[in-house]
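Following: one structure in structure tokens, then a few remarks.
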Amino acid sequence: MSKDTIANMITSIRNGNLSKTKIVQIPATQTTRSIAKILLQEGFIEGLREIVITNNTSSLLNLTLKYHGRTCEPYITTLRRISKSGLKIYSSHQEIPKVMGGIGIVILSTSQGIITDRQARQRKIGGEILCYIW
């Protein structure tokens, strides 16, 4: 497993959606917690629960993935990691891209924490573009 926790999280969610898994477990870090809370607030996942493992003081996040009714199509159709460890992509609040005409979201890392593109435009702050989700 690589040290890029965001890429690991995105890959786990993508693999869970492809295999129609209901619950996906990812290592809990401050970054993954923030991104998972945004996914929950925006309605891309059904639930979020943190499990603390006492013997080695680590914790896991259980993400409950969301699917459409009978067809079992996932709500999250595409996840794209934008900024990578080798190439950081920054944007001012005027230049933040709209994903799918505003249907999807852009997750940014700013001086005020990890927030969505709508919140960044409202607060007039830019930052590092972490990923696109739609």
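Residues in the structure tokens are numbered from 1 in each chain, the chains being A, B, ... in the order shown, and ligands are numbered from 1 in the order shown.
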Can you list, as a PyMOL selection string, every residue of chain A that DSSP puts in alpha helix (DSSP H)?
chain A and resi 5-18+30-41+117-123
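For the pair atom CA of A:Lys22 and atom CA of A:Leu61, the interatomic distance is 13.4 Å.
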What's around stretch 6-20 of chain A at 12 Å? Count only C-alpha atoms, leave out sequence neighbours fewer than 6 positions away in its own chain, and write the answer as a ChimeraX atom specification.
/A:26-36,39,44-45,60-68,71-85,107-109,129-134
Output N, CA and C atoms for every residue in that selection, as a tab-separated table (two decimals), in the first residue's frame.
```tsv
chain	number	residue	atom	x	y	z
A	26	ILE	N	-11.50	1.76	5.14
A	26	ILE	CA	-10.28	2.48	4.78
A	26	ILE	C	-9.60	2.93	6.06
A	27	PRO	N	-8.27	3.08	6.05
A	27	PRO	CA	-7.58	3.60	7.24
A	27	PRO	C	-8.03	5.02	7.55
A	28	ALA	N	-8.22	5.30	8.82
A	28	ALA	CA	-8.71	6.62	9.24
A	28	ALA	C	-7.53	7.57	9.46
A	29	THR	N	-7.51	8.66	8.71
A	29	THR	CA	-6.60	9.76	8.94
A	29	THR	C	-7.45	11.02	8.95
A	30	GLN	N	-6.87	12.14	9.32
A	30	GLN	CA	-7.63	13.39	9.35
A	30	GLN	C	-8.15	13.73	7.95
A	31	THR	N	-7.35	13.49	6.94
A	31	THR	CA	-7.74	13.78	5.56
A	31	THR	C	-8.89	12.88	5.10
A	32	THR	N	-8.77	11.57	5.34
A	32	THR	CA	-9.82	10.66	4.89
A	32	THR	C	-11.12	10.90	5.66
A	33	ARG	N	-11.02	11.27	6.94
A	33	ARG	CA	-12.23	11.61	7.70
A	33	ARG	C	-12.94	12.80	7.08
A	34	SER	N	-12.18	13.83	6.74
A	34	SER	CA	-12.77	15.04	6.15
A	34	SER	C	-13.42	14.76	4.81
A	35	ILE	N	-12.75	13.99	3.96
A	35	ILE	CA	-13.31	13.65	2.66
A	35	ILE	C	-14.57	12.79	2.83
A	36	ALA	N	-14.54	11.84	3.75
A	36	ALA	CA	-15.70	10.98	3.98
A	36	ALA	C	-16.89	11.79	4.50
A	39	LEU	N	-18.41	13.47	1.52
A	39	LEU	CA	-19.18	12.52	0.72
A	39	LEU	C	-20.53	12.23	1.37
A	44	PHE	N	-23.30	11.18	-1.44
A	44	PHE	CA	-22.67	10.16	-2.27
A	44	PHE	C	-22.53	8.82	-1.54
A	45	ILE	N	-22.54	8.83	-0.20
A	45	ILE	CA	-22.50	7.60	0.59
A	45	ILE	C	-23.64	7.65	1.60
A	60	LEU	N	-10.18	2.54	11.73
A	60	LEU	CA	-10.66	2.35	10.36
A	60	LEU	C	-11.97	3.10	10.19
A	61	LEU	N	-12.22	3.53	8.99
A	61	LEU	CA	-13.50	4.14	8.64
A	61	LEU	C	-14.30	3.13	7.83
A	62	ASN	N	-15.55	2.91	8.23
A	62	ASN	CA	-16.47	2.09	7.45
A	62	ASN	C	-17.36	3.02	6.66
A	63	LEU	N	-17.23	2.99	5.35
A	63	LEU	CA	-18.08	3.78	4.47
A	63	LEU	C	-19.17	2.88	3.91
A	64	THR	N	-20.43	3.26	4.10
A	64	THR	CA	-21.54	2.51	3.54
A	64	THR	C	-21.88	3.14	2.20
A	65	LEU	N	-21.61	2.42	1.12
A	65	LEU	CA	-21.82	2.94	-0.22
A	65	LEU	C	-23.31	2.98	-0.56
A	66	LYS	N	-23.66	3.89	-1.43
A	66	LYS	CA	-25.06	4.13	-1.80
A	66	LYS	C	-25.29	3.66	-3.23
A	67	TYR	N	-26.40	2.93	-3.43
A	67	TYR	CA	-26.76	2.42	-4.75
A	67	TYR	C	-28.19	2.81	-5.08
A	68	HIS	N	-28.49	2.93	-6.40
A	68	HIS	CA	-29.85	3.19	-6.86
A	68	HIS	C	-30.67	1.91	-6.76
A	71	THR	N	-31.61	-1.48	-9.79
A	71	THR	CA	-30.51	-1.64	-10.74
A	71	THR	C	-29.16	-1.77	-10.05
A	72	CYS	N	-29.08	-1.37	-8.80
A	72	CYS	CA	-27.83	-1.42	-8.02
A	72	CYS	C	-26.70	-0.64	-8.70
A	73	GLU	N	-27.05	0.46	-9.34
A	73	GLU	CA	-26.05	1.35	-9.91
A	73	GLU	C	-25.52	2.26	-8.81
A	74	PRO	N	-24.21	2.40	-8.68
A	74	PRO	CA	-23.67	3.25	-7.61
A	74	PRO	C	-23.94	4.73	-7.85
A	75	TYR	N	-24.12	5.49	-6.76
A	75	TYR	CA	-24.29	6.93	-6.86
A	75	TYR	C	-23.00	7.58	-7.35
A	76	ILE	N	-21.87	7.06	-6.92
A	76	ILE	CA	-20.57	7.58	-7.36
A	76	ILE	C	-20.21	6.86	-8.65
A	77	THR	N	-20.26	7.59	-9.76
A	77	THR	CA	-19.92	6.95	-11.03
A	77	THR	C	-18.44	7.14	-11.37
A	78	THR	N	-17.88	8.28	-11.00
A	78	THR	CA	-16.48	8.55	-11.33
A	78	THR	C	-15.79	9.26	-10.17
A	79	LEU	N	-14.61	8.80	-9.86
A	79	LEU	CA	-13.72	9.45	-8.89
A	79	LEU	C	-12.38	9.65	-9.57
A	80	ARG	N	-11.87	10.87	-9.57
A	80	ARG	CA	-10.57	11.14	-10.20
A	80	ARG	C	-9.69	11.89	-9.24
A	81	ARG	N	-8.51	11.36	-9.00
A	81	ARG	CA	-7.50	12.04	-8.19
A	81	ARG	C	-6.83	13.06	-9.10
A	82	ILE	N	-6.75	14.32	-8.66
A	82	ILE	CA	-6.17	15.37	-9.50
A	82	ILE	C	-4.76	15.70	-9.03
A	83	SER	N	-4.61	16.22	-7.82
A	83	SER	CA	-3.28	16.51	-7.30
A	83	SER	C	-2.64	15.22	-6.82
A	84	LYS	N	-1.42	15.02	-7.24
A	84	LYS	CA	-0.68	13.83	-6.81
A	84	LYS	C	0.55	14.30	-6.06
A	85	SER	N	1.25	13.38	-5.44
A	85	SER	CA	2.44	13.77	-4.68
A	85	SER	C	3.52	14.35	-5.60
A	107	ILE	N	-13.23	18.48	-4.56
A	107	ILE	CA	-12.79	18.56	-3.17
A	107	ILE	C	-11.44	19.23	-3.16
A	108	LEU	N	-11.33	20.29	-2.34
A	108	LEU	CA	-10.11	21.08	-2.25
A	108	LEU	C	-9.54	21.06	-0.84
A	109	SER	N	-8.24	21.16	-0.76
A	109	SER	CA	-7.56	21.35	0.51
A	109	SER	C	-7.17	22.82	0.59
A	129	ILE	N	-6.44	21.25	-5.50
A	129	ILE	CA	-7.55	20.42	-5.96
A	129	ILE	C	-7.18	18.96	-5.71
A	130	LEU	N	-7.91	18.32	-4.82
A	130	LEU	CA	-7.61	16.93	-4.46
A	130	LEU	C	-8.25	15.94	-5.43
A	131	CYS	N	-9.57	16.06	-5.65
A	131	CYS	CA	-10.24	15.09	-6.52
A	131	CYS	C	-11.56	15.62	-7.05
A	132	TYR	N	-12.05	14.95	-8.11
A	132	TYR	CA	-13.37	15.21	-8.69
A	132	TYR	C	-14.24	14.00	-8.37
A	133	ILE	N	-15.51	14.25	-8.07
A	133	ILE	CA	-16.44	13.17	-7.83
A	133	ILE	C	-17.75	13.48	-8.51
A	134	TRP	N	-18.28	12.52	-9.27
A	134	TRP	CA	-19.62	12.65	-9.84
A	134	TRP	C	-20.19	11.28	-10.09
```
Mind listing the strand (DSSP E or B) residues of chain A, per DSSP on the backbone, as number ranges by chain?
A: 23-27, 45-53, 58-65, 67, 74, 79-81, 90-91, 105-110, 113-116, 127-133
Keeping only C-alpha atoms, take the residues you just selected and write them out as an mmCIF file, in the first residue's frame.
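Output file part27.cif follows:
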```cif
data_model
loop_
_atom_site.group_PDB
_atom_site.id
_atom_site.type_symbol
_atom_site.label_atom_id
_atom_site.label_comp_id
_atom_site.auth_asym_id
_atom_site.auth_seq_id
_atom_site.Cartn_x
_atom_site.Cartn_y
_atom_site.Cartn_z
ATOM 1 C CA ILE A 23 -19.325 -1.445 3.152
ATOM 2 C CA VAL A 24 -15.761 -0.374 2.386
ATOM 3 C CA GLN A 25 -13.057 -0.080 5.063
ATOM 4 C CA ILE A 26 -10.280 2.481 4.782
ATOM 5 C CA PRO A 27 -7.578 3.598 7.237
ATOM 6 C CA ILE A 45 -22.501 7.602 0.588
ATOM 7 C CA GLU A 46 -25.159 6.374 3.030
ATOM 8 C CA GLY A 47 -23.194 6.108 6.241
ATOM 9 C CA LEU A 48 -19.889 6.660 7.970
ATOM 10 C CA ARG A 49 -18.621 4.916 11.075
ATOM 11 C CA GLU A 50 -15.207 4.906 12.736
ATOM 12 C CA ILE A 51 -13.904 1.726 14.344
ATOM 13 C CA VAL A 52 -11.016 2.066 16.805
ATOM 14 C CA ILE A 53 -8.651 -0.905 17.050
ATOM 15 C CA SER A 58 -5.202 2.685 14.852
ATOM 16 C CA SER A 59 -8.680 3.146 13.484
ATOM 17 C CA LEU A 60 -10.656 2.353 10.364
ATOM 18 C CA LEU A 61 -13.502 4.137 8.642
ATOM 19 C CA ASN A 62 -16.466 2.086 7.452
ATOM 20 C CA LEU A 63 -18.082 3.784 4.475
ATOM 21 C CA THR A 64 -21.539 2.511 3.539
ATOM 22 C CA LEU A 65 -21.822 2.938 -0.220
ATOM 23 C CA TYR A 67 -26.756 2.423 -4.749
ATOM 24 C CA PRO A 74 -23.668 3.252 -7.608
ATOM 25 C CA LEU A 79 -13.721 9.451 -8.886
ATOM 26 C CA ARG A 80 -10.574 11.141 -10.201
ATOM 27 C CA ARG A 81 -7.496 12.044 -8.191
ATOM 28 C CA TYR A 90 -3.635 24.652 -7.191
ATOM 29 C CA SER A 91 -6.494 26.950 -8.117
ATOM 30 C CA ILE A 105 -18.116 18.155 -6.768
ATOM 31 C CA VAL A 106 -14.493 19.183 -6.522
ATOM 32 C CA ILE A 107 -12.794 18.559 -3.171
ATOM 33 C CA LEU A 108 -10.111 21.085 -2.253
ATOM 34 C CA SER A 109 -7.559 21.352 0.513
ATOM 35 C CA THR A 110 -7.527 24.976 1.681
ATOM 36 C CA GLY A 113 -9.598 22.711 5.844
ATOM 37 C CA ILE A 114 -10.879 20.287 3.243
ATOM 38 C CA ILE A 115 -13.999 21.718 1.580
ATOM 39 C CA THR A 116 -16.096 21.457 -1.579
ATOM 40 C CA GLY A 127 -6.389 25.736 -2.661
ATOM 41 C CA GLU A 128 -5.086 22.407 -3.851
ATOM 42 C CA ILE A 129 -7.550 20.423 -5.960
ATOM 43 C CA LEU A 130 -7.610 16.925 -4.465
ATOM 44 C CA CYS A 131 -10.243 15.090 -6.522
ATOM 45 C CA TYR A 132 -13.370 15.207 -8.691
ATOM 46 C CA ILE A 133 -16.443 13.166 -7.825
#
```
Using only C-alpha atoms, pick whichever of A:Gly43, A:Gly104, A:Thr5, A:Gly126 has the shortest atom-to-atom distance to A:Ile89.
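When distances to A:Ile89 are compared using only C-alpha atoms, the smallest one comes from A:Gly126.
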Work out how far apart atom CA of A:Ile96 and atom CA of A:Ala120 are and give it in Å to one decimal.
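Pair atom CA of A:Ile96 / atom CA of A:Ala120 returns 8.5 Å.
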Counting only C-alpha atoms, what is within 9 Å of A:Ile125, bar same-chain residues fewer than 5 positions away, as a count of residues only?
8
